[in-house]
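File shown: entry_16.cif. Contents: mmCIF, C-alpha atoms.
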data_start
loop_
_atom_site.label_atom_id
_atom_site.label_comp_id
_atom_site.auth_asym_id
_atom_site.auth_seq_id
_atom_site.Cartn_x
_atom_site.Cartn_y
_atom_site.Cartn_z
CA GLU A 166 -18.45 -2.76 6.84
CA ALA A 167 -16.40 -1.78 3.81
CA GLN A 168 -13.45 -4.08 3.52
CA VAL A 169 -11.01 -6.09 1.46
CA THR A 170 -10.84 -9.72 2.56
CA GLN A 171 -7.92 -11.98 1.81
CA ASN A 172 -7.58 -15.67 2.52
CA PRO A 173 -5.69 -17.39 3.90
CA ARG A 174 -3.79 -15.19 6.39
CA TYR A 175 -0.93 -17.67 6.61
CA LEU A 176 0.19 -20.29 4.12
CA ILE A 177 3.13 -22.65 4.13
CA THR A 178 3.71 -24.70 1.01
CA VAL A 179 6.40 -26.51 -0.93
CA THR A 180 8.11 -25.61 -4.16
CA GLY A 181 6.01 -26.33 -7.22
CA LYS A 182 2.66 -26.88 -5.53
CA LYS A 183 0.07 -24.61 -7.14
CA LEU A 184 -1.77 -22.25 -4.82
CA THR A 185 -4.35 -19.51 -4.95
CA VAL A 186 -4.78 -16.57 -2.60
CA THR A 187 -8.27 -15.16 -2.71
CA CYS A 188 -9.25 -11.50 -2.49
CA SER A 189 -12.72 -10.01 -2.31
CA GLN A 190 -13.95 -6.45 -1.83
CA ASN A 191 -17.45 -5.22 -1.00
CA MET A 192 -17.10 -1.58 -2.06
CA ASN A 193 -17.98 -1.98 -5.74
CA HIS A 194 -14.50 -0.78 -6.67
CA GLU A 195 -13.42 -1.05 -10.28
CA TYR A 196 -9.69 -1.11 -9.58
CA MET A 197 -7.92 -3.94 -7.75
CA SER A 198 -4.27 -4.76 -7.31
CA TRP A 199 -1.81 -7.14 -5.68
CA TYR A 200 1.38 -6.08 -3.87
CA ARG A 201 4.15 -7.96 -2.17
CA GLN A 202 6.04 -6.57 0.81
CA ASP A 203 9.64 -7.54 1.46
CA PRO A 204 12.09 -6.21 4.05
CA GLY A 205 14.13 -3.33 2.69
CA LEU A 206 12.13 -3.24 -0.54
CA GLY A 207 8.82 -1.84 0.63
CA LEU A 208 5.71 -2.71 -1.35
CA ARG A 209 5.89 -3.61 -5.01
CA GLN A 210 2.97 -4.07 -7.36
CA ILE A 211 2.50 -7.51 -8.91
CA TYR A 212 -0.63 -7.17 -11.07
CA TYR A 213 -3.59 -4.86 -11.34
CA SER A 214 -7.05 -4.85 -12.85
CA MET A 215 -9.00 -1.89 -14.11
CA ASN A 216 -12.28 -3.78 -14.29
CA VAL A 217 -13.80 -7.16 -15.05
CA GLU A 218 -11.71 -9.11 -17.58
CA VAL A 219 -9.10 -6.31 -17.72
CA THR A 220 -5.78 -7.14 -16.06
CA ASP A 221 -2.20 -6.02 -16.58
CA LYS A 222 1.29 -6.53 -15.18
CA GLY A 223 2.73 -4.41 -12.44
CA ASP A 224 6.39 -4.10 -11.53
CA VAL A 225 7.11 -7.69 -10.46
CA PRO A 226 4.67 -10.03 -12.30
CA GLU A 227 6.99 -13.00 -12.96
CA GLY A 228 5.70 -16.24 -11.48
CA TYR A 229 2.19 -14.93 -10.82
CA LYS A 230 -1.17 -15.00 -12.55
CA VAL A 231 -4.44 -13.24 -11.81
CA SER A 232 -8.00 -13.29 -13.04
CA ARG A 233 -10.93 -10.90 -12.78
CA LYS A 234 -14.11 -12.72 -13.71
CA GLU A 235 -16.26 -10.79 -11.25
CA LYS A 236 -15.95 -7.25 -10.04
CA ARG A 237 -15.56 -8.15 -6.38
CA ASN A 238 -12.96 -10.94 -6.68
CA PHE A 239 -9.32 -10.82 -7.75
CA PRO A 240 -7.44 -14.05 -6.93
CA LEU A 241 -3.66 -14.34 -7.10
CA ILE A 242 -2.39 -17.61 -8.53
CA LEU A 243 1.08 -19.09 -8.13
CA GLU A 244 1.27 -21.95 -10.64
CA SER A 245 4.64 -23.22 -9.43
CA PRO A 246 5.75 -21.40 -6.29
CA SER A 247 9.44 -20.98 -5.55
CA PRO A 248 11.23 -19.94 -2.36
CA ASN A 249 11.85 -16.42 -3.71
CA GLN A 250 8.08 -15.91 -3.61
CA THR A 251 8.14 -16.17 0.16
CA SER A 252 6.67 -12.81 1.13
CA LEU A 253 3.80 -10.88 2.64
CA TYR A 254 1.08 -10.28 0.05
CA PHE A 255 -1.55 -7.58 0.04
CA CYS A 256 -4.64 -7.16 -2.07
CA ALA A 257 -6.00 -3.64 -2.50
CA SER A 258 -8.88 -1.89 -4.21
CA SER A 259 -9.94 1.63 -5.06
CA PRO A 260 -12.47 3.48 -7.16
CA GLY A 261 -11.68 3.54 -10.86
CA VAL A 262 -12.07 6.13 -13.55
CA GLY A 263 -15.35 7.94 -13.13
CA GLN A 264 -15.40 7.00 -9.45
CA GLY A 265 -12.83 9.59 -8.33
CA ALA A 266 -9.74 7.50 -9.05
CA ALA A 267 -7.10 10.20 -8.99
CA ASN A 268 -7.46 11.23 -5.37
CA SER A 269 -8.77 8.04 -3.85
CA PRO A 270 -6.63 5.96 -1.53
CA LEU A 271 -6.14 2.23 -1.90
CA HIS A 272 -7.97 0.06 0.61
CA PHE A 273 -5.86 -2.89 1.74
CA GLY A 274 -6.62 -6.35 3.00
CA ASN A 275 -4.90 -7.70 6.11
CA GLY A 276 -2.30 -9.60 4.16
CA THR A 277 -1.30 -13.18 3.45
CA ARG A 278 2.04 -14.38 4.73
CA LEU A 279 3.32 -17.02 2.33
CA THR A 280 6.27 -19.30 3.00
CA VAL A 281 7.57 -21.54 0.21
CA THR A 282 10.04 -24.22 1.27
CA GLY B 1416 9.66 7.18 -13.11
CA ASP B 1417 7.94 8.22 -9.92
CA SER B 1418 9.66 7.56 -6.62
CA VAL B 1419 9.27 8.19 -2.90
CA THR B 1420 12.11 8.54 -0.42
CA GLN B 1421 11.48 8.49 3.29
CA MET B 1422 13.83 8.62 6.20
CA GLU B 1423 15.49 5.43 7.24
CA GLY B 1424 14.43 3.90 10.48
CA PRO B 1425 14.09 2.67 12.99
CA VAL B 1426 12.99 5.69 14.97
CA THR B 1427 12.74 5.30 18.74
CA LEU B 1428 11.07 7.94 20.87
CA SER B 1429 9.80 8.38 24.38
CA GLU B 1430 6.12 8.91 25.00
CA GLU B 1431 5.01 12.54 24.47
CA ALA B 1432 7.99 13.32 22.24
CA PHE B 1433 7.62 15.19 18.94
CA LEU B 1434 7.68 13.08 15.80
CA THR B 1435 8.84 13.96 12.31
CA ILE B 1436 9.22 11.42 9.52
CA ASN B 1437 10.60 12.98 6.37
CA CYS B 1438 9.22 12.11 2.95
CA THR B 1439 10.20 13.52 -0.43
CA TYR B 1440 8.99 12.49 -3.83
CA THR B 1441 9.84 12.65 -7.52
CA ALA B 1442 6.94 12.72 -9.93
CA THR B 1443 5.70 14.47 -13.03
CA GLY B 1444 2.58 16.53 -12.79
CA TYR B 1445 0.52 16.72 -9.64
CA PRO B 1446 0.37 13.47 -7.71
CA SER B 1447 -1.82 12.80 -4.71
CA LEU B 1448 0.13 12.02 -1.54
CA PHE B 1449 -0.67 9.60 1.27
CA TRP B 1450 0.61 8.34 4.58
CA TYR B 1451 -0.26 4.76 5.52
CA VAL B 1452 0.33 3.05 8.85
CA GLN B 1453 0.92 -0.66 9.42
CA TYR B 1454 0.46 -1.94 12.97
CA PRO B 1455 2.14 -5.24 13.87
CA GLY B 1456 0.48 -8.16 12.13
CA GLU B 1457 -2.00 -6.01 10.27
CA GLY B 1458 -2.54 -4.55 6.82
CA LEU B 1459 -1.96 -0.99 5.72
CA GLN B 1460 -4.41 1.63 6.90
CA LEU B 1461 -4.75 5.07 5.40
CA LEU B 1462 -3.58 7.63 7.94
CA LEU B 1463 -4.02 10.85 5.95
CA LYS B 1464 -3.86 12.26 2.46
CA ALA B 1465 -3.42 15.48 0.48
CA THR B 1466 -4.40 15.92 -3.12
CA LYS B 1467 -2.97 19.30 -4.14
CA ALA B 1468 -0.22 21.73 -3.23
CA ASP B 1469 -0.48 23.33 0.22
CA ASP B 1470 -3.17 20.91 1.33
CA LYS B 1471 -2.75 19.68 4.89
CA GLY B 1472 -3.89 16.19 5.74
CA SER B 1473 -4.58 15.36 9.36
CA ASN B 1474 -5.85 12.45 11.42
CA LYS B 1475 -5.40 11.13 14.99
CA GLY B 1476 -3.06 14.01 15.82
CA PHE B 1477 -0.82 13.39 12.80
CA GLU B 1478 -0.36 16.06 10.15
CA ALA B 1479 1.40 16.41 6.81
CA THR B 1480 1.47 19.30 4.34
CA TYR B 1481 1.86 18.88 0.59
CA ARG B 1482 4.80 21.12 -0.35
CA LYS B 1483 5.24 21.23 -4.07
CA GLU B 1484 8.17 23.63 -3.98
CA THR B 1485 10.22 21.19 -1.93
CA THR B 1486 8.44 18.04 -3.22
CA SER B 1487 7.90 16.95 0.37
CA PHE B 1488 5.15 15.51 2.57
CA HIS B 1489 6.66 15.17 6.03
CA LEU B 1490 4.64 13.46 8.74
CA GLU B 1491 4.46 15.13 12.17
CA LYS B 1492 2.83 14.54 15.50
CA GLY B 1493 3.23 16.75 18.52
CA SER B 1494 3.07 14.10 21.22
CA VAL B 1495 3.42 10.41 20.38
CA GLN B 1496 1.94 7.56 22.38
CA VAL B 1497 3.02 3.96 22.83
CA SER B 1498 0.05 2.97 20.66
CA ASP B 1499 1.61 4.88 17.72
CA SER B 1500 4.32 2.25 17.43
CA ALA B 1501 4.04 0.97 13.86
CA VAL B 1502 5.57 1.15 10.40
CA TYR B 1503 4.72 4.31 8.47
CA PHE B 1504 4.69 4.46 4.68
CA CYS B 1505 4.67 7.54 2.49
CA ALA B 1506 3.11 6.99 -0.94
CA LEU B 1507 2.02 8.81 -4.06
CA LYS B 1508 -0.57 8.19 -6.74
CA ASN B 1509 0.11 9.75 -10.11
CA VAL B 1510 -2.73 9.15 -12.50
CA ARG B 1511 -0.93 11.20 -15.14
CA SER B 1512 2.17 8.99 -15.31
CA GLY B 1513 0.43 5.77 -14.33
CA GLY B 1514 -2.05 5.89 -17.15
CA SER B 1515 -4.73 3.34 -16.43
CA ASN B 1516 -2.77 1.96 -13.45
CA TYR B 1517 -3.92 3.75 -10.33
CA LYS B 1518 -1.11 2.26 -8.35
CA LEU B 1519 0.55 3.68 -5.29
CA THR B 1520 4.30 4.18 -5.33
CA PHE B 1521 5.57 3.58 -1.80
CA GLY B 1522 8.58 4.59 0.19
CA LYS B 1523 10.33 1.76 2.01
CA GLY B 1524 8.68 2.45 5.33
CA THR B 1525 9.87 3.78 8.68
CA LEU B 1526 9.56 1.73 11.84
CA LEU B 1527 8.55 3.85 14.84
CA THR B 1528 8.88 2.52 18.36
CA VAL B 1529 7.52 4.61 21.23
CA ASN B 1530 8.67 3.70 24.73
CA PRO B 1531 6.69 4.52 27.91
#
Reformat the file's structure so that it appears as structure tokens.
Amino acid sequence: EAQVTQNPRYLITVTGKKLTVTCSQNMNHEYMSWYRQDPGLGLRQIYYSMNVEVTDKGDVPEGYKVSRKEKRNFPLILESPSPNQTSLYFCASSPGVGQGAANSPLHFGNGTRLTVT
Amino acid sequence: GDSVTQMEGPVTLSEEAFLTINCTYTATGYPSLFWYVQYPGEGLQLLLKATKADDKGSNKGFEATYRKETTSFHLEKGSVQVSDSAVYFCALKNVRSGGSNYKLTFGKGTLLTVNP
């Protein structure tokens, strides 16, 4: 089954304790991205990656890092989490250029609900 | 920059009522348009899409038509069910303005509750 898998689904941590949220897709998609969802703000893009070793900032990148060492994986790293990073996080993937990028939808994972105390 | 505006919720309807959720957009060029649905506790699922003017996307009884003249993509369903209760997001993808970033620009979402 084609899917985007995120782990963990729920995470409670304390300020300053480094954490990683994993994301993996099995559709051979070139493009991957992270979003956060907050009440009243909708979904906002954090980082994206066009392909292996190619990443760039989205609209709200502060306090986050990503890496793309393999095509299927795109982990989100919070080096020193703060309470304002409490949110619902979604990983997504889609075909890239040459794969029909313009008209292709994003495929989303089931989300990771992060609470930072 | 690109933006999507959708009607504020929450929307509460009785089963079998007609549903409209308005969505308008601002974008350069010719974006692709999408409706996503988020059921409680789940991720976003693609509901339907349209990639050019006058295209009609449809799925599970929902429809939306890409109207370039009014820059709109309103979601409609003739008879809603309790199982349609969810948050609905309108979104656009604009490869022209996004450059190498194939991101979706989302509206803020509309919560729909359908009562039996």
Assuming the chain letters and numbering stay as they are in my file, what does the PyMOL selection byres ((chain A and resi 219-235) around 9) actually select? List them as a list in words.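 In the shown coordinates, the PyMOL selection byres ((chain A and resi 219-235) around 9) covers Ser198, Trp199, Tyr200, Arg201, Arg209, Gln210, Ile211, Tyr212, Tyr213, Ser214, Met215, Asn216, Val217, Glu218, Lys236, Arg237, Asn238, Phe239, Pro240, Leu241, Ile242, Leu243, Glu244, Ser245, Pro246, Ser247 and Gln250 of chain A; Asn1516 and Lys1518 of chain B.
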Correct to one decimal, the distance CA of Phe255 in chain A-CA of Glu1491 in chain B is 26.4 Å
Give me the residues within 12 Å of Arg1482 in chain B as a list of chain:residue names, counting all atoms listed in the file and dropping any in the same chain fewer than 6 places off.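 Answer for this query is B:Cys1438, B:Thr1439, B:Tyr1440, B:Tyr1445, B:Pro1446, B:Ser1447, B:Leu1448, B:Ala1465, B:Thr1466, B:Lys1467, B:Ala1468, B:Asp1469, B:Asp1470, B:Lys1471, B:Gly1472, B:Phe1488, B:His1489, B:Leu1490.
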For CA of Asp1417 in chain B and CA of Gln1460 in chain B, determine how far apart the two atoms are, in Å to one decimal place.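 Atom-to-atom, CA of Asp1417 in chain B to CA of Gln1460 in chain B, that is 21.9 Å.
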Residues of chain B were defined as contacting chain A if any atom lay at most 8 Å from it, counting all atoms listed in the file; please report them as a PDB file with C-alpha atoms, in the coordinates of the input.
ATOM      1  CA  SER B1447      -1.820  12.800  -4.710  1.00  0.00           C
ATOM      2  CA  PHE B1449      -0.670   9.600   1.270  1.00  0.00           C
ATOM      3  CA  GLU B1457      -2.000  -6.010  10.270  1.00  0.00           C
ATOM      4  CA  GLY B1458      -2.540  -4.550   6.820  1.00  0.00           C
ATOM      5  CA  LEU B1459      -1.960  -0.990   5.720  1.00  0.00           C
ATOM      6  CA  GLN B1460      -4.410   1.630   6.900  1.00  0.00           C
ATOM      7  CA  LEU B1461      -4.750   5.070   5.400  1.00  0.00           C
ATOM      8  CA  LYS B1464      -3.860  12.260   2.460  1.00  0.00           C
ATOM      9  CA  THR B1466      -4.400  15.920  -3.120  1.00  0.00           C
ATOM     10  CA  LYS B1508      -0.570   8.190  -6.740  1.00  0.00           C
ATOM     11  CA  ASN B1509       0.110   9.750 -10.110  1.00  0.00           C
ATOM     12  CA  VAL B1510      -2.730   9.150 -12.500  1.00  0.00           C
ATOM     13  CA  SER B1515      -4.730   3.340 -16.430  1.00  0.00           C
ATOM     14  CA  ASN B1516      -2.770   1.960 -13.450  1.00  0.00           C
ATOM     15  CA  TYR B1517      -3.920   3.750 -10.330  1.00  0.00           C
ATOM     16  CA  LYS B1518      -1.110   2.260  -8.350  1.00  0.00           C
ATOM     17  CA  LEU B1519       0.550   3.680  -5.290  1.00  0.00           C
ATOM     18  CA  THR B1520       4.300   4.180  -5.330  1.00  0.00           C
ATOM     19  CA  PHE B1521       5.570   3.580  -1.800  1.00  0.00           C
ATOM     20  CA  GLY B1522       8.580   4.590   0.190  1.00  0.00           C
ATOM     21  CA  LYS B1523      10.330   1.760   2.010  1.00  0.00           C
ATOM     22  CA  GLY B1524       8.680   2.450   5.330  1.00  0.00           C
TER      23      GLY B1524
END
Please measure the separation of CA of Gly1493 in chain B and CA of Thr1435 in chain B, giving the value in Å to one decimal.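 Taking CA of Gly1493 in chain B as the start and CA of Thr1435 in chain B as the end point, the length is 8.8 Å.
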Nearest candidate to Thr1525 in chain B (options B:Leu1463, B:Ile1436, B:Val1497, B:Ala1479; using only C-alpha atoms):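 Closest residue, counting only C-alpha atoms: B:Ile1436.
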Taking 3 positions as the minimum chain separation for residues in the same chain, which residues sit within 8 Å of range 1424-1430 of chain B when counting all atoms listed in the file? Answer as a ChimeraX atom specification. /B:1434,1494-1497,1524-1531
Could you list, as number ranges by chain, every residue within 8 Å of Thr178 in chain A, counting all atoms listed in the file and ignoring same-chain residues fewer than 2 positions away? A: 176, 180, 182, 279-282
Evaluate the PyMOL selection byres ((chain A and resi 187) around 6) against this structure - the residues, as an NGL selection string, please. :A and (171-172 or 186 or 188 or 240)
With all atoms listed in the file as the atoms that count, which of B:Val1502, B:Val1419, B:Ala1432, B:Ala1442 lies nearest to Gly1456 in chain B? B:Val1502
Any chance you could resolve the PyMOL selection byres ((chain B and resi 1475) around 10) against this file and give the residues as a ChimeraX atom specification? /B:1462-1463,1473-1474,1476-1478,1492,1499
Taking into account only C-alpha atoms, which residue in the set B:Thr1485, B:Ser1498, B:Thr1480, B:Ser1418 is nearest to Thr1443 in chain B? B:Ser1418
